[in-house]
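Below you'll find the structure, written out as C-alpha cells, and then a few comments.
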Amino acid sequence: MTTPHRIVIAGGGTAGWMAANLLAHRWANQAVTITLIESEDIGTIGVGEGSTPTLKRFFQTLNIPEYDWMEECQATYKVNIKFTGWSGNNSHSYSHPFISQLDIFSERAFHVNALTRRLGLDVETQPDKFLLAGYLAKKKLAPLPSHNFPFDIEYGYHFDSLKLGRFLRERAKSKGVSHVIGNIESVHTTSSGDISHLVCQDGQKFAGDLFIDCTGFSGLLLQKTLGVPFRDFSDNLFNDSAVVLPTPACANLPVETESVAMSNGWRWQIPLRNRTGNGYVYSKQYQEKDAAECELRRALGMENTNVEAKHLSMRVGQCERHWEKNCLALGLSQGFIEPLEATALHLVQTSIELFADNYSFGATSAQQRQIFNQEVSERFERVRDYIVCHYKLNGRNDSDYWRDNRANMKLSESLLSLLDVWYRKGDIVEEIKRQGIGQHFSTTSWHCLLSGYGIYPPPALNQPASLKESGDLFEEKKLAAFFNRCSLNFDKQSTLFRAG
Ligand SMILES: Cc1cc2nc3c(=O)[nH]c(=O)nc-3n(C[C@H](O)[C@H](O)[C@H](O)COP(=O)(O)OP(=O)(O)OC[C@H]3O[C@@H](n4cnc5c(N)ncnc54)[C@H](O)[C@@H]3O)c2cc1C
C-alpha cells in the first residue's frame, strides 16, 4: 500500500476511544492513519459505569495492566448482578453471577435441579448457591485469587465512564491517533454514496477511506447522512428515560451491581471507589420526569440534599444495518438496549472486533458487509430477548407499567419458544443449543434468570423428606463447603481499594 488508509472516527465517547485503541492496536503494522474528531460543546453521555467480563479482554488485548487504568478510573471489580424486588416481593432478590472455569463442577447440578424443580420436587435452585461468583459477591471478595488457585475467574468492572474516556483518549494518542476538537457541521458523499469527507464549523475538512460513526444518539453519519433506518425496540422495551444521582462511596465495597425494581422501572447501584453511581431507568409513558426524580431521591434518602440529578433520554433499538458503504456505526449511534445487564460496551467491543476481522483495505464487498450486519443484528436481538425476559417475568402489581410488561406478548419467536419449553417442563439446555443462542447469554445465565425469579409450578405435595440430603440431586452442604473453601483464596475488595 503506498498511501495510508485514512480512518476518520466521528465522536469521542467511550465507543469512539475504544474503537481508536483497538484499531490502532490491530492495524499497528499497516499503513493506516486514524483521526478522531469530537465536539467539546456536545460532550459525551457521561454514564455507562458497569461492564460484562468481555471488557477484561479489551484491556488484555491492549496490554494495559489493571493497576494502570483502574486507579485512574476509580474502578472496582464486578462479579455479579443482584436483582431485587423484581418478582413482586421487595425483599426477594436473586443473582446473575459471572461464570468461571470452576463452575463446570456445579453448573450441571444447577440445570438438573432446575428441571427437577419444574417437575415438582422442592430442590435448591437459587443461582448463587451453584456458582463461585455468588459466594464472592456475598462476601464482597475481589475476584483475584491467591497465586496457587488453579482456575481462571471471570469478572467485569465498575468505573467512572468520563475518566475511562479520558484514559483511553490519552492511550490512543500515545499510539499515534490524531485528536481533533471540532463540531462536525456537514458530511459529504460521493456519487456512489460513500462518505468522502466531513467539514467542521471552523472550516477544517477531513477526508477518509473509512468513517466510523461514534456520534452517540445523534447518529450523524450512518442514520442522518446515509439514511440507514433505526428500528426501535419500544414494543417490548418500554424504558426511554433515566435520572442519575450519585451518593457517597460504600465503606465496604461490594463486588456487584444491584438492580432494584421501582414503581415504573428499576434503579442501578454501582459501587465506585469515590462514589456510588445510581440511576433510575423508567418509561416516560408511565411516569413523569419529576416524579421519577422524587422516587429516586426517596429511595436513596436524598430528598433534602441539593445534589443535582441528571436527566437523560434513551433511544432503544438498533440500526437496520450497522455497516453501510464506507461507514461503520459503533456505540449509541448503532443502537442501544437499555442499561440492564450492562451490555452496551460489550456490544461496542465485539462489533469492533468482528469488523476488524472482516474489513479489507481497498476492496470490501457488499457480501462482507451483509454477513457482518446479520451477525451484529442477531447479537442485538438476542441480548434484547434476555433483557426483555426480565420484564416479562415480573411479578409486581404496583403499577400499570409492570402489569403491561407482564401481559406483553410482542416477543420474538426465539424468546417465546424458550419460555414455552421452560413452562412445558422441556429440556431448556437442548432448546438453547437448538436455537444456537448460547454464545449471547449462556445456558447457565438463562437458568439464573428463570430459576432466580422462581418461575416454577408449586412443588408437589408429599415431598420425600430426605430429598435435599439425598446427595443425588444437589449436595448443598458439600457444595457450600467447597465454595467456602475456595473463597479462602480471595481478599475483600475493600482491603485492595480504599473507598471515599
Ligand atoms: C442511562 C444509561 C446507562 C448506561 N449504563 C451503561 C452501563 O452500565 N454499561 C454499559 O456498557 N453501557 C451503559 N450505557 C451505554 C453507554 O453509556 C454508552 O454505550 C457508551 O458511553 C458509549 O457512548 P458513545 O460513545 O456511543 O456516545 P457518547 O458518549 O454520547 O459520545 C458521543 C460523541 O460524539 C460527539 N459528537 C456528537 N455529535 C458531534 C458533532 N456534530 N461533531 C463532533 N462530535 C460530535 C460528542 O462530542 C461525543 O464525543 C448506558 C447508557 C445510558 C443512557
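Ligands are numbered from 1 in the order shown, chains are lettered A, B, ... in the order of the C-alpha cells, and residues start at 1 in each chain.
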Show me which residues sit within 6 Å of ligand 1 when counting only C-alpha atoms and all ligand atoms, and put them as a CSV table (one decimal) with N, CA and C atoms, in the first residue's frame.
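The file below, out-v2.csv, is the result:
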chain,number,residue,atom,x,y,z
A,10,ALA,N,-15.8,9.8,14.1
A,10,ALA,CA,-16.5,11.0,14.5
A,10,ALA,C,-17.1,10.7,15.8
A,11,GLY,N,-16.7,11.4,16.9
A,11,GLY,CA,-17.2,11.2,18.2
A,11,GLY,C,-16.2,10.6,19.2
A,12,GLY,N,-16.0,11.2,20.4
A,12,GLY,CA,-15.0,10.8,21.3
A,12,GLY,C,-15.6,10.4,22.7
A,13,GLY,N,-16.7,9.6,22.6
A,13,GLY,CA,-17.3,9.0,23.8
A,13,GLY,C,-16.5,7.7,24.0
A,14,THR,N,-17.0,6.9,24.9
A,14,THR,CA,-16.3,5.6,25.2
A,14,THR,C,-16.2,4.8,23.9
A,15,ALA,N,-17.3,4.8,23.1
A,15,ALA,CA,-17.2,4.0,21.8
A,15,ALA,C,-16.1,4.4,20.9
A,16,GLY,N,-16.0,5.8,20.7
A,16,GLY,CA,-15.0,6.3,19.8
A,16,GLY,C,-13.6,5.9,20.2
A,37,ILE,N,-12.4,12.9,15.7
A,37,ILE,CA,-12.9,14.3,15.9
A,37,ILE,C,-14.0,14.3,16.9
A,38,GLU,N,-14.0,15.2,17.9
A,38,GLU,CA,-15.1,15.2,18.9
A,38,GLU,C,-15.4,16.7,19.2
A,39,SER,N,-16.6,16.9,19.6
A,39,SER,CA,-17.1,18.2,19.9
A,39,SER,C,-17.1,18.4,21.4
A,40,GLU,N,-16.4,19.5,21.8
A,40,GLU,CA,-16.4,19.9,23.3
A,40,GLU,C,-17.8,20.4,23.7
A,42,ILE,N,-20.8,19.5,22.5
A,42,ILE,CA,-21.9,18.4,22.6
A,42,ILE,C,-21.6,17.5,23.8
A,43,GLY,N,-20.3,17.2,24.0
A,43,GLY,CA,-20.0,16.3,25.1
A,43,GLY,C,-20.4,14.9,25.0
A,44,THR,N,-20.1,14.1,26.0
A,44,THR,CA,-20.4,12.6,25.9
A,44,THR,C,-21.6,12.4,26.8
A,45,ILE,N,-22.1,11.2,26.7
A,45,ILE,CA,-23.3,10.9,27.5
A,45,ILE,C,-23.0,10.8,29.0
A,47,VAL,N,-22.6,8.5,31.2
A,47,VAL,CA,-23.0,7.3,32.0
A,47,VAL,C,-22.5,6.1,31.4
A,48,GLY,N,-22.7,4.9,32.0
A,48,GLY,CA,-22.2,3.6,31.5
A,48,GLY,C,-21.1,3.2,32.4
A,49,GLU,N,-21.4,2.8,33.5
A,49,GLU,CA,-20.4,2.5,34.5
A,49,GLU,C,-20.2,1.1,34.9
A,50,GLY,N,-20.9,0.2,34.2
A,50,GLY,CA,-20.7,-1.3,34.5
A,50,GLY,C,-20.4,-2.0,33.3
A,51,SER,N,-19.7,-3.1,33.4
A,51,SER,CA,-19.3,-3.9,32.2
A,51,SER,C,-19.6,-5.3,32.4
A,182,GLY,N,-13.6,19.6,17.4
A,182,GLY,CA,-14.4,20.4,16.4
A,182,GLY,C,-15.8,19.9,16.3
A,183,ASN,N,-16.7,20.8,15.9
A,183,ASN,CA,-18.1,20.4,15.7
A,183,ASN,C,-18.2,20.1,14.2
A,184,ILE,N,-18.6,18.8,14.0
A,184,ILE,CA,-18.8,18.4,12.5
A,184,ILE,C,-20.1,19.1,12.1
A,185,GLU,N,-20.0,19.9,11.0
A,185,GLU,CA,-21.2,20.6,10.6
A,185,GLU,C,-21.8,20.0,9.4
A,214,CYS,N,-19.4,7.4,15.7
A,214,CYS,CA,-19.5,7.3,17.2
A,214,CYS,C,-20.1,8.5,17.8
A,215,THR,N,-21.1,9.1,17.1
A,215,THR,CA,-21.7,10.4,17.5
A,215,THR,C,-22.8,10.2,18.5
A,216,GLY,N,-22.9,9.0,19.1
A,216,GLY,CA,-23.9,8.8,20.1
A,216,GLY,C,-25.3,8.8,19.5
A,242,ALA,N,-33.9,8.2,31.9
A,242,ALA,CA,-33.1,7.8,33.1
A,242,ALA,C,-32.9,9.1,33.9
A,314,MET,N,-33.3,8.1,26.3
A,314,MET,CA,-32.6,7.0,25.7
A,314,MET,C,-33.4,6.6,24.4
A,331,GLY,N,-21.4,2.0,19.1
A,331,GLY,CA,-22.0,2.6,20.3
A,331,GLY,C,-23.4,3.1,20.2
A,332,LEU,N,-23.7,4.2,20.8
A,332,LEU,CA,-25.2,4.6,20.9
A,332,LEU,C,-25.7,4.9,19.5
A,333,SER,N,-24.8,5.2,18.5
A,333,SER,CA,-25.2,5.5,17.2
A,333,SER,C,-25.6,4.3,16.4
A,339,PRO,N,-29.8,-0.1,29.9
A,339,PRO,CA,-28.6,-0.5,30.7
A,339,PRO,C,-28.7,-1.8,31.5
A,342,ALA,N,-25.9,-4.3,31.6
A,342,ALA,CA,-24.7,-3.5,31.2
A,342,ALA,C,-24.0,-4.1,30.0
A,343,THR,N,-24.8,-4.2,28.9
A,343,THR,CA,-24.3,-4.9,27.7
A,343,THR,C,-23.7,-3.9,26.6
A,344,ALA,N,-23.9,-2.6,26.8
A,344,ALA,CA,-23.6,-1.7,25.7
A,344,ALA,C,-22.1,-1.7,25.3
A,345,LEU,N,-21.2,-1.6,26.2
A,345,LEU,CA,-19.8,-1.6,25.8
A,345,LEU,C,-19.3,-3.0,25.3
Secondary structure check, strand (DSSP E or B) residues of region 53-178 of chain A, as JSON, numbers by chain: {"A": [76, 77, 78, 80, 81, 82, 83, 84, 93, 94, 95, 96, 97, 141, 156, 157, 158, 178]}
DSSP helix (DSSP H, G or I) residues within region 28-231 of chain A, as a PyMOL selection string: chain A and resi 54-61+66-69+101-105+107-118+127-129+132-139+161-174+216-218+220-225
For the residues selected in the previous step, produce a file with C-alpha atoms as a compact mmCIF listing (two decimals), in the first residue's frame.
# COMPACT_ATOMS: atom_id res chain seq x y z
CA THR A 54 -15.66 -9.00 27.93
CA LEU A 55 -14.04 -5.71 28.95
CA LYS A 56 -11.27 -7.67 30.69
CA ARG A 57 -10.29 -9.00 27.27
CA PHE A 58 -10.27 -5.44 25.88
CA PHE A 59 -7.56 -4.34 28.33
CA GLN A 60 -5.65 -7.60 27.93
CA THR A 61 -5.62 -7.21 24.14
CA GLU A 66 -5.36 -3.25 35.64
CA TYR A 67 -3.29 -1.13 38.01
CA ASP A 68 -2.75 1.37 35.17
CA TRP A 69 -6.35 2.14 34.39
CA GLN A 101 -13.94 -22.09 34.91
CA LEU A 102 -14.51 -23.66 38.33
CA ASP A 103 -18.26 -23.67 37.81
CA ILE A 104 -18.02 -26.64 35.44
CA PHE A 105 -18.27 -28.70 38.64
CA GLU A 107 -23.40 -25.95 36.50
CA ARG A 108 -24.86 -29.31 35.61
CA ALA A 109 -26.26 -29.78 39.12
CA PHE A 110 -27.91 -26.36 38.71
CA HIS A 111 -29.51 -27.34 35.39
CA VAL A 112 -30.64 -30.74 36.72
CA ASN A 113 -32.15 -29.20 39.83
CA ALA A 114 -33.99 -26.61 37.76
CA LEU A 115 -35.57 -29.37 35.70
CA THR A 116 -36.34 -31.42 38.81
CA ARG A 117 -37.97 -28.40 40.39
CA ARG A 118 -40.07 -27.84 37.28
CA PRO A 127 -28.18 -19.42 41.22
CA ASP A 128 -25.78 -18.08 43.84
CA LYS A 129 -25.72 -21.48 45.56
CA LEU A 132 -18.43 -19.30 42.76
CA ALA A 133 -19.16 -15.64 41.97
CA GLY A 134 -22.33 -15.91 44.05
CA TYR A 135 -20.14 -16.63 47.08
CA LEU A 136 -17.62 -13.93 46.22
CA ALA A 137 -20.43 -11.39 45.89
CA LYS A 138 -21.97 -12.25 49.25
CA LYS A 139 -18.61 -11.98 50.98
CA SER A 161 -17.16 6.49 32.41
CA LEU A 162 -15.83 10.04 31.93
CA LYS A 163 -12.49 9.08 33.42
CA LEU A 164 -12.35 5.91 31.33
CA GLY A 165 -12.94 8.02 28.19
CA ARG A 166 -10.07 10.32 29.17
CA PHE A 167 -7.77 7.40 29.94
CA LEU A 168 -8.50 5.78 26.57
CA ARG A 169 -8.02 9.11 24.79
CA GLU A 170 -4.51 9.59 26.20
CA ARG A 171 -3.67 5.95 25.45
CA ALA A 172 -4.85 6.24 21.83
CA LYS A 173 -2.94 9.48 21.31
CA SER A 174 0.22 7.81 22.59
CA GLY A 216 -23.95 8.83 20.11
CA PHE A 217 -27.73 9.10 19.91
CA SER A 218 -27.47 11.76 17.18
CA LEU A 220 -24.91 11.84 12.37
CA LEU A 221 -23.16 9.74 9.72
CA LEU A 222 -24.94 6.40 9.35
CA GLN A 223 -28.51 7.44 10.12
CA LYS A 224 -28.71 11.13 9.25
CA THR A 225 -26.38 11.16 6.24
Interatomic distance, CA of Arg231 (chain A) to CA of Lys410 (chain A) (Å, one decimal): 14.7 Å
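The spacing separating CA of Cys448 (chain A) from CA of Asn394 (chain A) amounts to 14.4 Å.
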Applying 9 Å and only C-alpha atoms, which residues near Ala19 (chain A) remain after dropping the ones on its own chain fewer than 6 positions away? List them as an mmCIF file with all heavy atoms, in the first residue's frame.
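What follows is the written file selection-v5.cif:
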data_model
loop_
_atom_site.group_PDB
_atom_site.id
_atom_site.type_symbol
_atom_site.label_atom_id
_atom_site.label_comp_id
_atom_site.auth_asym_id
_atom_site.auth_seq_id
_atom_site.Cartn_x
_atom_site.Cartn_y
_atom_site.Cartn_z
ATOM 1 N N ILE A 9 -12.761 8.811 12.748
ATOM 2 C CA ILE A 9 -13.766 8.455 13.763
ATOM 3 C C ILE A 9 -14.461 9.745 14.190
ATOM 4 O O ILE A 9 -13.798 10.696 14.618
ATOM 5 C CB ILE A 9 -13.107 7.773 14.983
ATOM 6 C CG1 ILE A 9 -12.351 6.513 14.538
ATOM 7 C CG2 ILE A 9 -14.144 7.443 16.055
ATOM 8 C CD1 ILE A 9 -11.575 5.811 15.643
ATOM 9 N N ILE A 212 -16.024 6.092 10.890
ATOM 10 C CA ILE A 212 -16.683 5.370 11.988
ATOM 11 C C ILE A 212 -17.554 6.370 12.749
ATOM 12 O O ILE A 212 -17.063 7.368 13.268
ATOM 13 C CB ILE A 212 -15.653 4.682 12.904
ATOM 14 C CG1 ILE A 212 -14.751 3.773 12.052
ATOM 15 C CG2 ILE A 212 -16.365 3.883 13.988
ATOM 16 C CD1 ILE A 212 -13.843 2.858 12.799
ATOM 17 N N CYS A 214 -19.374 7.444 15.721
ATOM 18 C CA CYS A 214 -19.496 7.256 17.176
ATOM 19 C C CYS A 214 -20.115 8.518 17.760
ATOM 20 O O CYS A 214 -19.698 8.998 18.824
ATOM 21 C CB CYS A 214 -18.132 6.976 17.801
ATOM 22 S SG CYS A 214 -17.370 5.463 17.210
ATOM 23 N N LEU A 330 -20.816 2.665 15.664
ATOM 24 C CA LEU A 330 -20.490 1.961 16.910
ATOM 25 C C LEU A 330 -21.064 2.731 18.090
ATOM 26 O O LEU A 330 -21.104 3.963 18.080
ATOM 27 C CB LEU A 330 -18.973 1.886 17.095
ATOM 28 C CG LEU A 330 -18.195 0.955 16.182
ATOM 29 C CD1 LEU A 330 -16.697 1.162 16.408
ATOM 30 C CD2 LEU A 330 -18.563 -0.503 16.415
ATOM 31 N N VAL A 348 -20.211 -2.849 21.782
ATOM 32 C CA VAL A 348 -19.264 -1.990 21.051
ATOM 33 C C VAL A 348 -17.989 -2.804 20.767
ATOM 34 O O VAL A 348 -17.514 -2.889 19.629
ATOM 35 C CB VAL A 348 -18.885 -0.741 21.893
ATOM 36 C CG1 VAL A 348 -17.733 0.023 21.253
ATOM 37 C CG2 VAL A 348 -20.093 0.177 22.065
ATOM 38 N N GLN A 349 -17.463 -3.394 21.825
ATOM 39 C CA GLN A 349 -16.194 -4.120 21.690
ATOM 40 C C GLN A 349 -16.299 -5.282 20.697
ATOM 41 O O GLN A 349 -15.455 -5.441 19.809
ATOM 42 C CB GLN A 349 -15.790 -4.653 23.068
ATOM 43 C CG GLN A 349 -14.454 -5.368 23.078
ATOM 44 C CD GLN A 349 -14.155 -5.988 24.442
ATOM 45 O OE1 GLN A 349 -14.715 -5.573 25.459
ATOM 46 N NE2 GLN A 349 -13.290 -6.981 24.466
ATOM 47 N N ILE A 352 -16.486 -4.044 17.104
ATOM 48 C CA ILE A 352 -15.202 -3.604 16.507
ATOM 49 C C ILE A 352 -14.360 -4.832 16.169
ATOM 50 O O ILE A 352 -13.731 -4.898 15.112
ATOM 51 C CB ILE A 352 -14.353 -2.730 17.464
ATOM 52 C CG1 ILE A 352 -15.157 -1.579 18.038
ATOM 53 C CG2 ILE A 352 -13.093 -2.200 16.775
ATOM 54 C CD1 ILE A 352 -14.461 -0.890 19.208
#
Contacts of Val429 (chain A) within 10 Å, only C-alpha atoms, excl. fewer than 5 positions in-chain, as a list of chain:residue names: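 Result of the neighbour search: A:His111, A:Val112, A:Leu115, A:Leu418, A:Val421, A:Trp422, A:Arg434, A:Gly438, A:Ser442, A:Thr443, A:Thr444, A:Trp446, A:His447.
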Preceding selection exported with N, CA and C atoms as a CSV table (one decimal), in the first residue's frame:
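Now in part-v5.csv:
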chain,number,residue,atom,x,y,z
A,111,HIS,N,-28.5,-27.1,36.5
A,111,HIS,CA,-29.5,-27.3,35.4
A,111,HIS,C,-30.4,-28.5,35.8
A,112,VAL,N,-29.8,-29.5,36.4
A,112,VAL,CA,-30.6,-30.7,36.7
A,112,VAL,C,-31.7,-30.4,37.8
A,115,LEU,N,-34.6,-28.5,36.4
A,115,LEU,CA,-35.6,-29.4,35.7
A,115,LEU,C,-36.4,-30.2,36.8
A,418,LEU,N,-38.4,-20.3,23.9
A,418,LEU,CA,-37.7,-20.7,25.2
A,418,LEU,C,-38.6,-20.8,26.4
A,421,VAL,N,-40.8,-23.9,26.2
A,421,VAL,CA,-40.1,-25.1,26.6
A,421,VAL,C,-39.9,-25.1,28.2
A,422,TRP,N,-39.6,-24.0,28.7
A,422,TRP,CA,-39.5,-23.9,30.2
A,422,TRP,C,-40.8,-24.3,30.9
A,434,ARG,N,-30.4,-25.9,20.3
A,434,ARG,CA,-31.1,-26.0,19.0
A,434,ARG,C,-31.2,-24.6,18.3
A,438,GLY,N,-26.5,-19.8,22.7
A,438,GLY,CA,-25.8,-19.8,23.9
A,438,GLY,C,-24.6,-18.9,24.0
A,442,SER,N,-25.4,-17.5,28.1
A,442,SER,CA,-25.2,-18.9,28.2
A,442,SER,C,-26.4,-19.6,28.8
A,443,THR,N,-26.4,-20.9,28.7
A,443,THR,CA,-27.5,-21.8,29.3
A,443,THR,C,-27.6,-21.5,30.8
A,444,THR,N,-26.4,-21.3,31.4
A,444,THR,CA,-26.4,-21.0,32.9
A,444,THR,C,-27.0,-19.7,33.2
A,446,TRP,N,-29.3,-18.2,31.4
A,446,TRP,CA,-30.8,-18.3,31.3
A,446,TRP,C,-31.3,-19.0,32.6
A,447,HIS,N,-30.6,-20.0,33.1
A,447,HIS,CA,-31.1,-20.6,34.3
A,447,HIS,C,-31.1,-19.6,35.5
For Gln334 (chain A): contacts at 6 Å, only C-alpha atoms, fewer than 4 positions along chain excluded, given as a PyMOL selection string: chain A and resi 318-319+322+329-330
Contacts of region 248-263 of chain A at 6 Å (only C-alpha atoms; same-chain gap of 3+ positions) as a PyMOL selection string: chain A and resi 77-86+137+140+266-270+274-276+494+499-500
Counting only C-alpha atoms, which residues of region 18-84 of chain A sit at most 10 Å from some atom of region 356-372 of chain A, and what is each one's closest atom pair with its distance in Å to one decimal, listed by chain and rising residue number, as CSV?
residue,atom,partner,partner_atom,distance
A:Ala19,CA,A:Ala356,CA,10.0
A:Leu22,CA,A:Ala356,CA,8.9
A:Leu23,CA,A:Ala356,CA,7.3
A:Arg26,CA,A:Ala356,CA,7.7
A:Trp27,CA,A:Ala356,CA,8.8
A:Gln30,CA,A:Phe361,CA,9.6
A:Ala31,CA,A:Phe361,CA,9.8
A:Val32,CA,A:Phe361,CA,9.4
Counting only C-alpha atoms, the option among A:Gln126, A:Thr189, A:Gln374, A:Ser399 closest to Glu320 (chain A): A:Gln374
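Residues in contact with Leu411 (chain A) at up to 9 Å, not including ones fewer than 4 positions away on its chain and judged by only C-alpha atoms, are A:Asp235, A:Asn236, A:Asp385, A:Val388, A:Cys389, A:Leu415, A:Leu416.
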Resulting file, chosen residues, N, CA and C atoms, as a PDB file, in the first residue's frame:
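Final output, result_35.pdb:
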ATOM      1  N   ASP A 235     -41.638  -1.836  21.370  1.00  0.00           N
ATOM      2  CA  ASP A 235     -42.711  -2.824  21.515  1.00  0.00           C
ATOM      3  C   ASP A 235     -42.532  -3.674  22.763  1.00  0.00           C
ATOM      4  N   ASN A 236     -41.281  -3.964  23.072  1.00  0.00           N
ATOM      5  CA  ASN A 236     -41.095  -4.815  24.260  1.00  0.00           C
ATOM      6  C   ASN A 236     -40.057  -4.297  25.258  1.00  0.00           C
ATOM      7  N   ASP A 385     -33.609  -9.993  23.835  1.00  0.00           N
ATOM      8  CA  ASP A 385     -34.535 -11.008  24.360  1.00  0.00           C
ATOM      9  C   ASP A 385     -34.250 -11.318  25.824  1.00  0.00           C
ATOM     10  N   VAL A 388     -35.516  -8.418  27.786  1.00  0.00           N
ATOM     11  CA  VAL A 388     -36.988  -8.389  27.769  1.00  0.00           C
ATOM     12  C   VAL A 388     -37.558  -9.420  28.745  1.00  0.00           C
ATOM     13  N   CYS A 389     -36.904 -10.569  28.832  1.00  0.00           N
ATOM     14  CA  CYS A 389     -37.395 -11.652  29.688  1.00  0.00           C
ATOM     15  C   CYS A 389     -37.492 -11.199  31.158  1.00  0.00           C
ATOM     16  N   LEU A 415     -37.651 -16.048  21.941  1.00  0.00           N
ATOM     17  CA  LEU A 415     -37.969 -15.960  23.371  1.00  0.00           C
ATOM     18  C   LEU A 415     -39.255 -16.731  23.683  1.00  0.00           C
ATOM     19  N   LEU A 416     -40.247 -16.614  22.795  1.00  0.00           N
ATOM     20  CA  LEU A 416     -41.492 -17.345  23.030  1.00  0.00           C
ATOM     21  C   LEU A 416     -41.215 -18.840  23.118  1.00  0.00           C
TER      22      LEU A 416
END
Between CA of Pro143 (chain A) and CA of Pro65 (chain A), distance in Å (one decimal):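 So the two atoms, CA of Pro143 (chain A) and CA of Pro65 (chain A), lie 15.4 Å apart.
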